[in-house]
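Data file: run.csv. Format and content: CSV, C-alpha atoms.
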```
chain,number,residue,atom,x,y,z
A,5,MET,CA,0.0,0.0,0.0
A,6,GLU,CA,1.3,3.5,-0.9
A,7,GLU,CA,2.5,5.4,2.1
A,8,GLN,CA,0.9,8.7,2.9
A,9,PRO,CA,2.4,11.5,4.9
A,10,VAL,CA,0.9,12.0,8.4
A,11,LYS,CA,-0.8,15.4,8.7
A,12,PHE,CA,-0.7,17.1,12.1
A,13,TYR,CA,-3.7,19.2,11.9
A,14,GLN,CA,-3.0,20.8,15.2
A,15,THR,CA,-0.1,22.8,13.8
A,16,GLY,CA,-1.2,26.4,13.1
A,17,THR,CA,-4.2,26.2,15.4
A,18,PHE,CA,-4.8,28.0,18.7
A,19,THR,CA,-3.9,24.9,20.7
A,20,VAL,CA,-1.8,26.4,23.5
A,21,GLY,CA,0.3,23.4,24.4
A,22,ASN,CA,1.2,22.5,20.9
A,23,ARG,CA,4.6,20.8,20.9
A,24,LEU,CA,4.4,20.0,17.2
A,25,LEU,CA,5.3,23.6,16.5
A,26,ALA,CA,8.9,24.8,16.2
A,27,GLU,CA,10.3,25.7,19.6
A,28,GLY,CA,10.4,29.4,18.8
A,29,HIS,CA,6.6,29.3,18.0
A,30,ARG,CA,5.5,27.4,21.1
A,31,SER,CA,3.5,29.0,23.9
A,32,VAL,CA,5.1,29.6,27.3
A,33,GLN,CA,3.1,26.7,28.7
A,34,ALA,CA,4.3,24.3,26.1
A,35,ASP,CA,7.9,25.0,27.2
A,36,MET,CA,9.2,22.4,29.6
A,37,HIS,CA,11.1,25.2,31.4
A,38,ARG,CA,8.0,27.2,32.3
A,39,THR,CA,8.1,28.3,35.9
A,40,ASN,CA,4.6,27.2,37.0
A,41,SER,CA,4.5,30.4,39.1
A,42,LEU,CA,0.9,29.7,40.2
A,43,ASN,CA,1.2,26.0,41.0
A,44,SER,CA,-1.3,23.3,41.7
A,45,GLY,CA,-3.1,23.0,45.0
A,46,HIS,CA,-4.9,26.3,45.0
A,47,ARG,CA,-8.6,26.4,45.8
A,48,ALA,CA,-10.1,28.1,42.7
A,49,CYS,CA,-13.4,26.9,41.4
A,50,GLN,CA,-13.3,24.3,38.6
A,51,GLY,CA,-13.0,26.0,35.3
A,52,CYS,CA,-11.9,29.3,36.9
A,53,GLY,CA,-10.9,31.7,34.2
A,54,GLU,CA,-8.9,33.9,36.6
A,55,ALA,CA,-6.6,31.0,37.7
A,56,LEU,CA,-5.9,30.2,34.0
A,57,GLY,CA,-5.3,33.9,33.1
A,58,ALA,CA,-3.0,34.4,36.1
A,59,ARG,CA,-1.0,31.3,35.4
A,60,TYR,CA,-0.4,32.3,31.7
A,61,ALA,CA,0.3,35.9,32.5
A,62,ILE,CA,2.8,35.4,35.3
A,63,ASP,CA,4.6,32.6,33.6
A,64,ALA,CA,5.0,34.8,30.5
A,65,ALA,CA,6.3,37.6,32.6
A,66,MET,CA,8.7,35.4,34.3
A,67,ARG,CA,10.2,34.2,31.0
A,68,ALA,CA,10.4,37.7,29.7
A,69,THR,CA,12.3,38.9,32.8
A,70,GLY,CA,14.6,36.0,33.3
A,71,ASN,CA,12.6,35.1,36.4
A,72,HIS,CA,13.4,38.4,38.1
A,73,LEU,CA,9.8,39.3,39.1
A,74,ILE,CA,7.9,40.3,42.2
A,75,ALA,CA,4.1,40.3,42.2
A,76,VAL,CA,1.8,42.4,44.4
A,77,ASN,CA,-1.8,41.1,44.7
A,78,ALA,CA,-4.9,43.0,45.8
A,79,THR,CA,-7.4,41.3,48.0
A,80,GLY,CA,-9.9,39.3,45.9
A,81,CYS,CA,-10.6,35.9,44.4
A,82,LEU,CA,-7.0,35.4,43.2
A,83,GLU,CA,-5.6,36.2,46.6
A,84,VAL,CA,-8.1,34.1,48.5
A,85,PHE,CA,-7.9,30.9,46.5
A,86,SER,CA,-4.2,31.0,46.1
A,87,THR,CA,-3.0,31.8,49.7
A,88,PRO,CA,-5.3,30.2,52.3
A,89,TYR,CA,-3.2,30.7,55.5
A,90,PRO,CA,-0.7,29.0,56.0
A,91,GLU,CA,-0.5,27.7,52.5
A,92,THR,CA,0.4,29.3,49.1
A,93,SER,CA,0.4,28.2,45.5
A,94,TRP,CA,2.8,31.0,44.4
A,95,GLN,CA,6.3,30.0,43.5
A,96,ILE,CA,7.6,33.6,43.2
A,97,PRO,CA,8.1,36.6,45.5
A,98,TRP,CA,4.5,37.6,46.2
A,99,ILE,CA,2.9,40.3,48.4
A,100,HIS,CA,-0.7,40.6,49.5
A,101,SER,CA,-1.8,44.2,49.7
A,102,LEU,CA,-5.1,45.6,50.7
A,103,PHE,CA,-8.1,45.6,48.4
A,104,GLY,CA,-7.5,49.1,47.1
A,105,ASN,CA,-3.8,49.8,47.2
A,106,ALA,CA,-2.0,47.2,45.0
A,107,ALA,CA,-0.9,49.8,42.5
A,108,ALA,CA,0.6,52.0,45.2
A,109,VAL,CA,2.3,49.1,46.9
A,110,ALA,CA,3.8,47.9,43.6
A,111,SER,CA,5.0,51.4,42.9
A,112,GLY,CA,6.8,51.3,46.3
A,113,VAL,CA,8.3,47.9,45.5
A,114,ALA,CA,9.6,49.1,42.2
A,115,ALA,CA,11.2,52.2,43.8
A,116,ALA,CA,12.8,50.0,46.4
A,117,GLN,CA,14.4,47.8,43.8
A,118,ARG,CA,15.9,50.9,42.1
A,119,ALA,CA,17.2,52.1,45.5
A,120,LEU,CA,18.8,48.7,46.1
A,121,GLY,CA,20.5,48.9,42.7
A,122,ARG,CA,18.3,46.1,41.2
A,123,PRO,CA,16.4,47.8,38.4
A,124,HIS,CA,16.4,44.4,36.5
A,125,VAL,CA,13.9,43.1,39.1
A,126,ARG,CA,10.5,43.9,37.6
A,127,VAL,CA,7.2,44.4,39.4
A,128,ILE,CA,3.6,43.3,38.5
A,129,ALA,CA,0.5,44.4,40.4
A,130,GLN,CA,-2.7,42.3,39.9
A,131,GLY,CA,-6.3,42.4,41.0
A,132,GLY,CA,-9.8,41.7,40.0
A,133,ASP,CA,-12.2,44.2,38.5
A,134,GLY,CA,-13.6,45.2,41.9
A,135,GLY,CA,-10.1,45.9,43.3
A,136,THR,CA,-9.1,47.7,40.0
A,137,THR,CA,-12.0,49.6,38.5
A,138,ASP,CA,-13.7,50.4,41.9
A,139,ILE,CA,-11.8,50.2,45.2
A,140,GLY,CA,-8.2,50.6,43.8
A,141,PHE,CA,-9.0,53.1,41.0
A,142,GLY,CA,-7.4,56.1,42.7
A,143,CYS,CA,-4.1,54.4,43.4
A,144,LEU,CA,-4.1,53.0,39.8
A,145,SER,CA,-4.6,56.4,38.3
A,146,GLY,CA,-1.8,57.7,40.5
A,147,MET,CA,0.5,55.0,39.2
A,148,PHE,CA,-0.4,55.9,35.7
A,149,GLU,CA,0.1,59.6,36.3
A,150,ARG,CA,3.5,59.1,37.8
A,151,ASN,CA,4.4,56.6,35.0
A,152,ASP,CA,5.7,54.2,37.7
A,153,ASP,CA,7.6,51.2,36.3
A,154,VAL,CA,4.9,48.6,37.0
A,155,LEU,CA,2.7,46.4,34.9
A,156,TYR,CA,-0.8,46.3,36.4
A,157,ILE,CA,-3.0,43.3,35.3
A,158,CYS,CA,-6.7,43.4,35.9
A,159,TYR,CA,-8.4,40.0,35.8
A,160,ASP,CA,-12.0,41.1,34.9
A,161,ASN,CA,-14.8,38.6,35.7
A,162,GLU,CA,-17.3,41.5,35.7
A,163,ALA,CA,-18.4,41.3,39.3
A,164,TYR,CA,-17.3,40.8,42.9
A,165,MET,CA,-17.4,37.1,42.6
A,166,ASN,CA,-15.5,36.2,45.8
A,167,THR,CA,-18.2,37.8,48.0
A,168,GLY,CA,-21.3,36.5,46.3
A,169,VAL,CA,-21.5,38.1,42.8
A,170,GLN,CA,-22.2,41.7,43.5
A,171,ARG,CA,-22.1,44.4,40.8
A,172,SER,CA,-18.9,46.2,40.0
A,173,SER,CA,-18.3,49.0,37.6
A,174,ALA,CA,-17.2,46.4,35.1
A,175,THR,CA,-20.6,44.5,35.3
A,176,PRO,CA,-22.2,44.6,31.8
A,177,PRO,CA,-25.7,46.1,31.3
A,178,ALA,CA,-28.7,43.9,32.0
A,179,ALA,CA,-26.6,41.4,33.9
A,180,ARG,CA,-28.1,39.9,37.0
A,181,THR,CA,-26.1,40.0,40.2
A,182,ALA,CA,-26.9,39.9,43.9
A,183,THR,CA,-27.1,43.7,43.9
A,184,THR,CA,-28.8,44.1,40.4
A,185,PRO,CA,-31.6,41.5,40.6
A,186,ALA,CA,-33.8,40.5,37.7
A,187,VAL,CA,-36.8,42.3,39.0
A,188,GLY,CA,-38.8,45.4,38.1
A,189,HIS,CA,-39.4,47.1,34.7
A,190,SER,CA,-35.7,46.9,33.7
A,191,PRO,CA,-34.3,43.8,35.5
A,192,GLY,CA,-30.5,43.4,35.8
A,193,ASN,CA,-27.8,46.0,35.8
A,194,VAL,CA,-28.8,49.4,34.3
A,195,PHE,CA,-27.4,50.8,31.0
A,196,GLY,CA,-25.1,53.7,31.0
A,197,THR,CA,-23.1,52.9,34.1
A,198,GLY,CA,-19.6,51.6,34.7
A,199,LYS,CA,-16.2,52.6,33.2
A,200,ASN,CA,-13.8,51.4,30.6
A,201,VAL,CA,-10.5,51.3,32.3
A,202,PRO,CA,-8.4,50.4,29.3
A,203,LEU,CA,-9.6,53.6,27.6
A,204,ILE,CA,-9.0,55.5,30.8
A,205,ALA,CA,-5.5,54.1,31.0
A,206,MET,CA,-4.9,55.3,27.4
A,207,ALA,CA,-6.1,58.8,28.4
A,208,HIS,CA,-3.1,58.9,30.8
A,209,ARG,CA,-0.8,58.4,27.8
A,210,ILE,CA,1.1,55.6,29.5
A,211,PRO,CA,3.5,53.6,27.3
A,212,TYR,CA,1.4,50.4,26.9
A,213,VAL,CA,-2.2,49.3,27.3
A,214,ALA,CA,-3.7,46.1,26.0
A,215,THR,CA,-6.8,43.9,26.4
A,216,ALA,CA,-6.7,40.1,26.4
A,217,SER,CA,-8.9,37.1,27.0
A,218,VAL,CA,-8.4,33.6,28.1
A,219,ALA,CA,-10.3,32.7,24.9
A,220,ASN,CA,-7.0,33.4,23.1
A,221,LEU,CA,-4.1,32.5,25.4
A,222,ARG,CA,-1.4,32.8,22.8
A,223,ASP,CA,-2.4,36.5,22.4
A,224,LEU,CA,-2.5,36.9,26.2
A,225,GLU,CA,1.1,35.6,26.5
A,226,ALA,CA,2.3,37.8,23.6
A,227,LYS,CA,0.9,41.0,25.2
A,228,VAL,CA,2.3,40.3,28.6
A,229,THR,CA,5.7,39.6,27.0
A,230,ALA,CA,5.5,42.8,25.1
A,231,ALA,CA,4.6,44.8,28.2
A,232,MET,CA,7.6,43.4,30.0
A,233,GLN,CA,9.9,44.8,27.3
A,234,ILE,CA,8.8,48.4,28.1
A,235,ASP,CA,9.7,50.7,31.0
A,236,GLY,CA,7.1,52.8,32.8
A,237,ALA,CA,3.5,52.3,33.6
A,238,ARG,CA,1.7,49.5,31.7
A,239,TYR,CA,-1.8,48.1,31.9
A,240,VAL,CA,-3.2,44.8,30.6
A,241,HIS,CA,-7.0,44.1,31.1
A,242,ILE,CA,-7.8,40.4,30.9
A,243,HIS,CA,-11.3,39.0,30.4
A,244,VAL,CA,-11.5,36.0,32.8
A,245,PRO,CA,-14.9,34.4,33.0
A,246,CYS,CA,-16.4,32.5,35.9
A,247,PRO,CA,-18.9,30.4,33.8
A,248,LEU,CA,-18.0,28.6,30.5
A,249,GLY,CA,-18.7,30.1,27.1
A,250,TRP,CA,-17.4,33.7,27.7
A,251,GLY,CA,-15.0,33.4,24.7
A,252,LEU,CA,-18.0,34.5,22.6
A,253,ALA,CA,-17.6,37.9,24.3
A,254,VAL,CA,-14.6,38.5,21.9
A,255,GLU,CA,-16.3,37.0,18.8
A,256,SER,CA,-19.5,39.1,19.4
A,257,GLY,CA,-17.5,42.3,19.7
A,258,LEU,CA,-18.5,43.0,23.4
A,259,PHE,CA,-14.9,42.6,24.5
A,260,PRO,CA,-12.6,44.0,21.8
A,261,LEU,CA,-8.9,42.9,21.9
A,262,PHE,CA,-6.4,45.6,21.2
A,263,GLU,CA,-3.0,47.2,22.1
A,264,ALA,CA,-2.2,50.9,22.6
A,265,ARG,CA,1.0,52.7,23.0
A,266,HIS,CA,1.2,56.2,24.5
A,267,GLY,CA,-2.6,56.6,24.1
A,268,LYS,CA,-2.8,55.5,20.5
A,269,ILE,CA,-4.2,52.1,19.3
A,270,THR,CA,-1.4,50.3,17.5
A,271,SER,CA,-3.1,46.9,16.8
A,272,ARG,CA,-6.3,45.0,17.3
A,273,THR,CA,-7.3,41.4,17.0
A,274,PRO,CA,-9.9,40.9,14.3
A,275,ILE,CA,-13.0,38.9,14.9
A,276,ARG,CA,-12.6,35.5,13.1
A,277,ARG,CA,-16.3,34.7,13.1
A,278,LYS,CA,-18.8,37.4,14.1
A,279,VAL,CA,-21.6,36.0,16.2
A,280,PRO,CA,-24.7,37.8,17.4
A,281,VAL,CA,-24.7,38.8,21.1
A,282,THR,CA,-27.5,36.4,21.8
A,283,GLU,CA,-25.1,33.4,21.3
A,284,TYR,CA,-23.0,34.9,24.1
A,285,LEU,CA,-25.9,36.0,26.4
A,286,LYS,CA,-28.0,32.8,26.3
A,287,LEU,CA,-25.1,30.7,27.7
A,288,GLN,CA,-25.1,32.6,31.0
A,289,LYS,CA,-27.7,32.4,33.7
A,290,ARG,CA,-27.1,36.0,34.7
A,291,PHE,CA,-28.8,37.0,31.4
A,292,ALA,CA,-31.6,34.4,31.5
A,293,HIS,CA,-34.2,36.9,32.3
A,294,LEU,CA,-33.7,38.6,28.9
A,295,PHE,CA,-35.1,35.5,27.2
A,296,ALA,CA,-37.7,34.4,29.8
A,297,GLY,CA,-40.7,36.2,28.2
A,298,ARG,CA,-42.6,35.4,25.0
A,299,GLY,CA,-40.4,37.6,23.0
A,300,GLU,CA,-36.8,38.8,23.1
A,301,ASP,CA,-36.2,41.6,25.6
A,302,ALA,CA,-35.7,44.9,23.8
A,303,ARG,CA,-32.4,45.4,25.7
A,304,VAL,CA,-30.8,42.6,23.8
A,305,ALA,CA,-30.9,44.9,20.8
A,306,LEU,CA,-29.2,47.6,22.9
A,307,ILE,CA,-26.4,45.2,23.8
A,308,GLN,CA,-26.0,44.3,20.2
A,309,GLN,CA,-25.6,48.0,19.5
A,310,VAL,CA,-22.8,48.2,22.0
A,311,ALA,CA,-21.1,45.2,20.3
A,312,ASP,CA,-21.6,46.7,16.8
A,313,ARG,CA,-20.2,50.1,18.0
A,314,ASN,CA,-17.1,48.3,19.3
A,315,ILE,CA,-16.6,46.5,16.1
A,316,GLU,CA,-16.8,49.7,14.1
A,317,GLU,CA,-14.7,51.9,16.5
A,318,PHE,CA,-11.9,49.3,16.9
A,319,GLY,CA,-12.0,48.0,13.3
A,320,LEU,CA,-12.5,44.4,14.4
A,321,LEU,CA,-13.8,42.9,11.2
A,322,ALA,CA,-10.9,41.7,9.0
```

Show me this structure written as structure tokens.
Amino acid sequence: MEEQPVKFYQTGTFTVGNRLLAEGHRSVQADMHRTNSLNSGHRACQGCGEALGARYAIDAAMRATGNHLIAVNATGCLEVFSTPYPETSWQIPWIHSLFGNAAAVASGVAAAQRALGRPHVRVIAQGGDGGTTDIGFGCLSGMFERNDDVLYICYDNEAYMNTGVQRSSATPPAARTATTPAVGHSPGNVFGTGKNVPLIAMAHRIPYVATASVANLRDLEAKVTAAMQIDGARYVHIHVPCPLGWGLAVESGLFPLFEARHGKITSRTPIRRKVPVTEYLKLQKRFAHLFAGRGEDARVALIQQVADRNIEEFGLLA
């Protein structure tokens, strides 16, 4: 029988652990020398997007800095599930700050490294959307304004998940949380609230801003790696779902992926297959009330308008 070549169809896909690729094209997690900075044994929920995002982000930063990295962590899910006293899953120098001052503490750590003559030791601050867009917003803005040499990573799961799913300023419109119940004439979170911290970071004209998602881990690694090559204040906002299926937030246009340098967008990740927002919303119980009636809730059309506006403003269609 005539021999036929074996085709490895994985090559060229988004498979993150693909060892069929040339070594220079493999992801950090496919490298046998990865640091496993956030190791096993933590107490995150099964399928936790934040645990996945933090593992990829910190391992990428470790490789980019030659393992010369210190992390400062705000109070929140990531801190609680990774360091239940007296245990820890962190394999790097790691500091727990208060809920609202991770950016300020990280700025102090970076200044201390310079004073000690160790400018090669880089610093990352990290927190959830509650500790970033709400409680820690003032310290974060101060870090940006001073252009402190810190990479701040926000792991955005769009609510205060650790304390029972309360609304944050990153909670999307119409979403049901413990503080935005699905009752009344307009159930769920109201429209026209919240803030877009990546755009606020760009308004500070800091050297680097990017958004990322655990739906595209190679892109996430690349952006953290790029950020670690830059001096000054940097901000990466990572979409990290609690439930499954949130990757559709990217493909629907509700969470655009882009990079910006000194306040100007330099690149964006095009949508590969545009999907209507209903495909994203129907997978999540927090939006179930939008489809509970006989007809589709009128606010679904408003959410679609948000996605369409993002697609147009960021040029997301290839």

Problem - Residue nearest Ile128 in chain A - candidates A:Val218, A:Ala163, A:Ala114, A:Ala253, atoms counted: all atoms listed in the file - result: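 Using all atoms listed in the file, Ile128 in chain A sits closest to A:Ala114.
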
Exercise for the section: Do a neighbour search on Arg38 in chain A at 8 Å with all atoms listed in the file, toss out local chain neighbours closer than 5 positions, and write the hits as number ranges by chain. Expected result: A: 32-33, 63, 67

Handout entry: Local residues around (-10.3, 47.8, 48.5), at most 8 Å away, using only C-alpha atoms, as a list of chain:residue names
Key = A:Ala78, A:Thr79, A:Leu102, A:Phe103, A:Gly104, A:Asn105, A:Gly134, A:Gly135, A:Asp138, A:Ile139, A:Gly140

Practice task
Point out the residue among A:Ser101, A:Ser41, A:Ser145, A:Ser86 with the least atom-to-atom distance to His208 in chain A, counting all atoms listed in the file.
Solution key: A:Ser145

Problem - Expected residue set, 6 Å radius at (-25.2, 40.5, 19.1), only C-alpha atoms, as a list in words - result: Ser256, Pro280, Val281, Thr282 and Gln308 of chain A

Exercise for the section: State, in Å with one decimal place, the distance from CA of Asn200 in chain A to CA of His266 in chain A. Expected result: 16.9 Å

Handout entry: Atom pair CA of Phe259 in chain A / CA of Ala302 in chain A: separation (Å)
Key =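 According to the coordinates, CA of Phe259 in chain A and CA of Ala302 in chain A are separated by 20.9 Å.
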
Problem - Atom-to-atom span, CA of His100 in chain A and CA of Glu83 in chain A, Å - result: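 Going from CA of His100 in chain A over to CA of Glu83 in chain A, I get 7.2 Å.
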
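With all atoms listed in the file as the basis for measurement, A:Ala237 is the residue among A:Ala110, A:Val125, A:Ile315, A:Ala237 that approaches Tyr212 in chain A most closely.
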
Exercise for the section: Identify which of the residues A:Asp301, A:Glu27, A:Glu54, A:Asp235 lies closest to Asp152 in chain A, counting only C-alpha atoms when measuring atom-to-atom distances. Expected result: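 Under the stated criterion, the closest residue is A:Asp235.
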
Practice task
Mind checking which residues fall within 10 Å of Ser93 in chain A, counting all atoms listed in the file, ignoring those fewer than 2 positions away in the same chain, and posting them as a list of chain:residue names?
Solution key: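 Near Ser93 in chain A, the qualifying residues are A:Asn40, A:Ser41, A:Leu42, A:Asn43, A:Ser44, A:Gly45, A:His46, A:Arg47, A:Phe85, A:Ser86, A:Thr87, A:Pro88, A:Glu91, A:Gln95, A:Ile96.
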
Problem - Nearest residue to Ile307 in chain A from the set A:Ala107, A:Ala115, A:Tyr284, A:Leu321 (distances using all atoms listed in the file) - result: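 With all atoms listed in the file as the atom set, the closest residue is A:Tyr284.
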
Practice task
Would you mind listing what lies within 12 Å of Thr69 in chain A as a ChimeraX atom specification, with all atoms listed in the file counted and same-chain residues fewer than 3 positions away left out?
Solution key: /A:39,62-66,72-74,123-128,228-234

Fill in the blank from the handout: From the list A:Leu224, A:Val154, A:Met165, A:Ile210, the nearest residue to Ala61 in chain A using only C-alpha atoms is A:Leu224

Handout entry: Distance query Ala216 in chain A at most 8 Å, all atoms listed in the file, self and fewer than 3 positions along chain excluded, as a list of chain:residue names
Key =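 Surrounding residues, per the criterion: A:Asn220, A:Asp223, A:Leu224, A:Lys227, A:Val240, A:His241, A:Ile242, A:His243, A:Leu261, A:Phe262.
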
Export of prior selection with C-alpha atoms as a PDB file, in the coordinates of the input:
```
ATOM      1  CA  ASN A 220      -7.000  33.400  23.100  1.00  0.00           C
ATOM      2  CA  ASP A 223      -2.400  36.500  22.400  1.00  0.00           C
ATOM      3  CA  LEU A 224      -2.500  36.900  26.200  1.00  0.00           C
ATOM      4  CA  LYS A 227       0.900  41.000  25.200  1.00  0.00           C
ATOM      5  CA  VAL A 240      -3.200  44.800  30.600  1.00  0.00           C
ATOM      6  CA  HIS A 241      -7.000  44.100  31.100  1.00  0.00           C
ATOM      7  CA  ILE A 242      -7.800  40.400  30.900  1.00  0.00           C
ATOM      8  CA  HIS A 243     -11.300  39.000  30.400  1.00  0.00           C
ATOM      9  CA  LEU A 261      -8.900  42.900  21.900  1.00  0.00           C
ATOM     10  CA  PHE A 262      -6.400  45.600  21.200  1.00  0.00           C
TER      11      PHE A 262
END
```

Practice task
Would you mind listing what lies within 12 Å of Thr270 in chain A as a list in words, with all atoms listed in the file counted and same-chain residues fewer than 6 positions away left out?
Solution key: Met206, Pro211, Tyr212, Val213, Ala214, Leu261, Phe262, Glu263, Ala264, Phe318 and Gly319 of chain A
